[in-house]
file model_11.cif (mmCIF, C-alpha atoms and all ligand atoms; chains and numbers go by the auth columns)
data_start
loop_
_atom_site.group_PDB
_atom_site.id
_atom_site.type_symbol
_atom_site.label_atom_id
_atom_site.label_comp_id
_atom_site.label_asym_id
_atom_site.label_seq_id
_atom_site.Cartn_x
_atom_site.Cartn_y
_atom_site.Cartn_z
_atom_site.B_iso_or_equiv
_atom_site.auth_seq_id
_atom_site.auth_asym_id
ATOM 1 C CA MET A 1 -5.529 -1.429 24.268 0.00 117 A
ATOM 2 C CA SER A 2 -2.501 0.356 22.997 0.00 118 A
ATOM 3 C CA LYS A 3 -0.469 -2.751 22.420 0.00 119 A
ATOM 4 C CA ASP A 4 1.299 -2.363 19.152 0.00 120 A
ATOM 5 C CA THR A 5 0.822 -5.919 18.065 0.00 121 A
ATOM 6 C CA GLU A 6 -2.951 -5.657 18.261 0.00 122 A
ATOM 7 C CA GLU A 7 -2.969 -2.889 15.695 0.00 123 A
ATOM 8 C CA TYR A 8 -0.998 -4.862 13.170 0.00 124 A
ATOM 9 C CA GLU A 9 -2.159 -7.798 11.144 0.00 125 A
ATOM 10 C CA LYS A 10 -0.044 -10.311 9.305 0.00 126 A
ATOM 11 C CA VAL A 11 -0.908 -10.159 5.641 0.00 127 A
ATOM 12 C CA ALA A 12 1.860 -12.040 3.868 0.00 128 A
ATOM 13 C CA ASP A 13 5.164 -13.821 4.042 0.00 129 A
ATOM 14 C CA LYS A 14 8.160 -11.792 2.981 0.00 130 A
ATOM 15 C CA GLN A 15 9.243 -14.585 0.678 0.00 131 A
ATOM 16 C CA ASP A 16 6.005 -14.304 -1.287 0.00 132 A
ATOM 17 C CA LEU A 17 6.612 -10.635 -1.962 0.00 133 A
ATOM 18 C CA GLN A 18 10.239 -11.231 -2.879 0.00 134 A
ATOM 19 C CA ARG A 19 9.049 -13.585 -5.583 0.00 135 A
ATOM 20 C CA THR A 20 6.515 -11.268 -7.179 0.00 136 A
ATOM 21 C CA ALA A 21 7.594 -7.602 -6.629 0.00 137 A
ATOM 22 C CA LEU A 22 3.923 -6.630 -6.246 0.00 138 A
ATOM 23 C CA LEU A 23 1.531 -8.620 -4.114 0.00 139 A
ATOM 24 C CA LYS A 24 -2.140 -8.066 -3.440 0.00 140 A
ATOM 25 C CA VAL A 25 -3.427 -8.807 0.038 0.00 141 A
ATOM 26 C CA GLU A 26 -6.676 -8.187 1.896 0.00 142 A
ATOM 27 C CA SER A 27 -6.950 -6.486 5.250 0.00 143 A
ATOM 28 C CA GLY A 28 -9.962 -4.989 6.973 0.00 144 A
ATOM 29 C CA GLY A 29 -12.049 -5.421 3.850 0.00 145 A
ATOM 30 C CA LYS A 30 -9.533 -3.470 1.778 0.00 146 A
ATOM 31 C CA SER A 31 -7.420 -4.608 -1.121 0.00 147 A
ATOM 32 C CA ILE A 32 -3.854 -3.581 -0.537 0.00 148 A
ATOM 33 C CA VAL A 33 -0.842 -3.881 -2.785 0.00 149 A
ATOM 34 C CA LEU A 34 2.507 -4.630 -1.197 0.00 150 A
ATOM 35 C CA SER A 35 5.761 -3.722 -2.854 0.00 151 A
ATOM 36 C CA MET A 36 9.386 -4.017 -1.916 0.00 152 A
ATOM 37 C CA VAL A 37 12.005 -1.451 -2.895 0.00 153 A
ATOM 38 C CA ASN A 38 15.580 -1.634 -1.665 0.00 154 A
ATOM 39 C CA GLY A 39 14.557 -4.142 0.980 0.00 155 A
ATOM 40 C CA GLU A 40 11.785 -1.925 2.411 0.00 156 A
ATOM 41 C CA VAL A 41 8.177 -3.010 2.215 0.00 157 A
ATOM 42 C CA TYR A 42 5.406 -0.548 1.325 0.00 158 A
ATOM 43 C CA ALA A 43 1.632 -0.925 1.291 0.00 159 A
ATOM 44 C CA LEU A 44 -0.971 1.140 -0.452 0.00 160 A
ATOM 45 C CA ASP A 45 -4.530 0.777 -1.647 0.00 161 A
ATOM 46 C CA ALA A 46 -4.602 -1.646 -4.549 0.00 162 A
ATOM 47 C CA VAL A 47 -7.589 0.059 -6.179 0.00 163 A
ATOM 48 C CA CYS A 48 -6.469 2.960 -8.328 0.00 164 A
ATOM 49 C CA SER A 49 -7.990 6.288 -7.302 0.00 165 A
ATOM 50 C CA HIS A 50 -8.593 7.141 -10.944 0.00 166 A
ATOM 51 C CA GLU A 51 -11.078 4.522 -12.128 0.00 167 A
ATOM 52 C CA GLY A 52 -10.348 1.547 -9.938 0.00 168 A
ATOM 53 C CA GLY A 53 -7.592 -0.201 -11.856 0.00 169 A
ATOM 54 C CA PRO A 54 -5.774 -3.082 -10.131 0.00 170 A
ATOM 55 C CA LEU A 55 -2.404 -1.677 -9.114 0.00 171 A
ATOM 56 C CA GLU A 56 -1.040 -5.119 -8.263 0.00 172 A
ATOM 57 C CA GLU A 57 -1.171 -5.851 -11.986 0.00 173 A
ATOM 58 C CA GLY A 58 0.805 -2.730 -12.782 0.00 174 A
ATOM 59 C CA LYS A 59 4.521 -2.145 -12.999 0.00 175 A
ATOM 60 C CA LEU A 60 6.894 -1.237 -10.213 0.00 176 A
ATOM 61 C CA GLU A 61 9.719 1.068 -11.266 0.00 177 A
ATOM 62 C CA GLY A 62 11.862 2.503 -8.521 0.00 178 A
ATOM 63 C CA TYR A 63 9.448 3.835 -5.934 0.00 179 A
ATOM 64 C CA GLU A 64 6.591 4.195 -8.411 0.00 180 A
ATOM 65 C CA ILE A 65 3.730 1.886 -9.280 0.00 181 A
ATOM 66 C CA GLU A 66 2.165 2.392 -12.676 0.00 182 A
ATOM 67 C CA CYS A 67 -1.519 1.556 -13.025 0.00 183 A
ATOM 68 C CA PRO A 68 -2.125 -0.945 -15.834 0.00 184 A
ATOM 69 C CA TRP A 69 -5.301 0.801 -17.031 0.00 185 A
ATOM 70 C CA HIS A 70 -4.321 4.382 -17.876 0.00 186 A
ATOM 71 C CA GLY A 71 -0.748 4.674 -16.680 0.00 187 A
ATOM 72 C CA SER A 72 -1.120 6.830 -13.567 0.00 188 A
ATOM 73 C CA ARG A 73 1.881 6.567 -11.305 0.00 189 A
ATOM 74 C CA PHE A 74 1.936 6.624 -7.531 0.00 190 A
ATOM 75 C CA ASP A 75 4.788 6.842 -5.063 0.00 191 A
ATOM 76 C CA VAL A 76 4.667 3.686 -2.932 0.00 192 A
ATOM 77 C CA ARG A 77 6.123 5.564 0.069 0.00 193 A
ATOM 78 C CA THR A 78 3.481 8.285 0.276 0.00 194 A
ATOM 79 C CA GLY A 79 0.680 7.326 -2.122 0.00 195 A
ATOM 80 C CA GLU A 80 1.215 10.627 -3.953 0.00 196 A
ATOM 81 C CA VAL A 81 0.338 10.912 -7.605 0.00 197 A
ATOM 82 C CA ARG A 82 3.491 11.124 -9.707 0.00 198 A
ATOM 83 C CA SER A 83 1.824 11.039 -13.071 0.00 199 A
ATOM 84 C CA PRO A 84 -1.797 11.677 -14.180 0.00 200 A
ATOM 85 C CA PRO A 85 -4.580 11.022 -15.115 0.00 201 A
ATOM 86 C CA ALA A 86 -5.181 10.200 -11.427 0.00 202 A
ATOM 87 C CA ASP A 87 -5.301 13.283 -9.228 0.00 203 A
ATOM 88 C CA THR A 88 -6.090 11.703 -5.861 0.00 204 A
ATOM 89 C CA PRO A 89 -3.364 10.049 -3.792 0.00 205 A
ATOM 90 C CA GLN A 90 -3.672 6.432 -2.730 0.00 206 A
ATOM 91 C CA SER A 91 -4.028 5.589 0.963 0.00 207 A
ATOM 92 C CA VAL A 92 -0.849 4.167 2.414 0.00 208 A
ATOM 93 C CA TYR A 93 -0.490 1.734 5.291 0.00 209 A
ATOM 94 C CA GLU A 94 2.221 1.381 7.895 0.00 210 A
ATOM 95 C CA VAL A 95 4.194 -1.796 7.461 0.00 211 A
ATOM 96 C CA LYS A 96 6.282 -3.824 9.857 0.00 212 A
ATOM 97 C CA VAL A 97 8.439 -6.762 8.932 0.00 213 A
ATOM 98 C CA GLU A 98 9.120 -9.286 11.662 0.00 214 A
ATOM 99 C CA ASN A 99 11.286 -12.168 10.601 0.00 215 A
ATOM 100 C CA ASN A 100 9.412 -13.513 7.591 0.00 216 A
ATOM 101 C CA ASP A 101 6.097 -11.882 8.418 0.00 217 A
ATOM 102 C CA ILE A 102 4.754 -8.749 6.770 0.00 218 A
ATOM 103 C CA LEU A 103 2.317 -6.947 9.030 0.00 219 A
ATOM 104 C CA ILE A 104 0.291 -3.903 8.244 0.00 220 A
ATOM 105 C CA ARG A 105 -1.424 -1.463 10.505 0.00 221 A
ATOM 106 C CA ARG A 106 -5.163 -1.700 10.445 0.00 222 A
ATOM 107 C CA ASN A 107 -5.879 1.991 9.975 0.00 223 A
ATOM 108 C CA PRO A 108 -4.563 3.581 6.815 0.00 224 A
ATOM 109 C CA GLU A 109 -2.653 6.811 6.814 0.00 225 A
ATOM 110 C CA SER A 110 -4.468 9.766 5.394 0.00 226 A
ATOM 111 C CA LYS A 111 -4.462 10.352 1.686 0.00 227 A
ATOM 112 C CA ALA A 112 -3.072 13.816 2.296 0.00 228 A
ATOM 113 C CA GLN A 113 0.682 13.621 2.065 0.00 229 A
ATOM 114 C CA GLY A 114 1.700 11.682 5.107 0.00 230 A
ATOM 115 C CA GLN A 115 -0.733 13.181 7.610 0.00 231 A
ATOM 116 C CA PRO A 116 -1.962 10.433 9.895 0.00 232 A
ATOM 117 C CA VAL A 117 -5.702 9.960 10.163 0.00 233 A
ATOM 118 C CA GLN A 118 -7.132 10.651 13.582 0.00 234 A
ATOM 119 C CA THR A 119 -9.550 7.844 14.237 0.00 235 A
ATOM 120 C CA GLN A 120 -12.120 8.023 16.979 0.00 236 A
ATOM 121 C CA ALA A 121 -12.461 5.007 19.205 0.00 237 A
ATOM 122 C CA SER A 122 -16.081 4.004 19.200 0.00 238 A
HETATM 123 S S1 LIG B . -7.692 3.365 -13.361 0.00 1 B
HETATM 124 FE FE1 LIG B . -5.636 3.682 -12.823 0.00 1 B
HETATM 125 S S2 LIG B . -4.979 5.185 -14.199 0.00 1 B
HETATM 126 FE FE2 LIG B . -7.056 4.935 -14.699 0.00 1 B
#
call {"tool": "encode", "arguments": {"input": "model_11.cif", "output": "structure tokens", "more": "lines below"}}
Ligand code: FES
result
Amino acid sequence: MSKDTEEYEKVADKQDLQRTALLKVESGGKSIVLSMVNGEVYALDAVCSHEGGPLEEGKLEGYEIECPWHGSRFDVRTGEVRSPPADTPQSVYEVKVENNDILIRRNPESKAQGQPVQTQAS
């Protein structure tokens, strides 16, 4: 039950992300945007918390993604808002890179600055 590999799902090849800087993937019914900064891969909700803009179509500058609709900026490491109008952080997902595979953890981290969500097993 607690096997690490079962909690992670392959969502992309590393090469695909290296080509595009931002890459949208689907996992668990969620749209997630992958980004790579300084060789590290980050994953956060692709749907902007402001009015639902597609973050994968935005710009990546340093550790910040800028939403293409109204210019909110989010830190890809924590999901925190760096620039309004958004005022709600994006969910972030734990990422593992194994060889050429990008895997993300099925349960997102909490939206509140890095606090993990406690999920109840049903
Ligand atoms: S929808 Fe992203 S900033 Fe408005």
call {"tool": "resolve_selection", "arguments": {"input": "model_11.cif", "expression": "the PyMOL selection byres (((chain A and resi 139-147) around 12) and not hetatm)", "output": "PyMOL selection string"}}
result
chain A and resi 123-138+148-152+157-164+168-176+181+206-209+218-224
call {"tool": "atom_distance", "arguments": {"input": "model_11.cif", "atom1": "atom FE2 of ligand LIG 1 (chain B)", "atom2": "CA of Val211 in chain A"}}
result
25.7 Å
call {"tool": "resolve_selection", "arguments": {"input": "model_11.cif", "expression": "the PyMOL selection byres (((not hetatm)) within 7 of (chain B and resi 1))", "output": "number ranges by chain"}}
result
A: 164-169, 183-188, 201-202
call {"tool": "atom_distance", "arguments": {"input": "model_11.cif", "atom1": "CA of Glu177 in chain A", "atom2": "CA of Val213 in chain A"}}
result
21.7 Å
call {"tool": "atom_distance", "arguments": {"input": "model_11.cif", "atom1": "CA of Tyr179 in chain A", "atom2": "CA of Asn216 in chain A"}}
result
22.0 Å
call {"tool": "resolve_selection", "arguments": {"input": "model_11.cif", "expression": "the PyMOL selection byres (((chain A and resi 205) around 6) and not hetatm)", "output": "NGL selection string"}}
result
:A and (195-197 or 204 or 206 or 227)
call {"tool": "axis_aligned_box", "arguments": {"input": "model_11.cif", "around": "range 128-147 of chain A", "padding_each_side": "3 Å", "output": "AutoDock Vina command-line options"}}
result
--center_x -0.9 --center_y -9.0 --center_z -0.1 --size_x 28.3 --size_y 17.1 --size_z 20.2
call {"tool": "closest_residue", "arguments": {"input": "model_11.cif", "among": "A:Phe190, A:Arg198, A:Glu180, A:Glu156", "to": "Glu210 in chain A", "atoms": "only C-alpha atoms"}}
result
A:Glu156
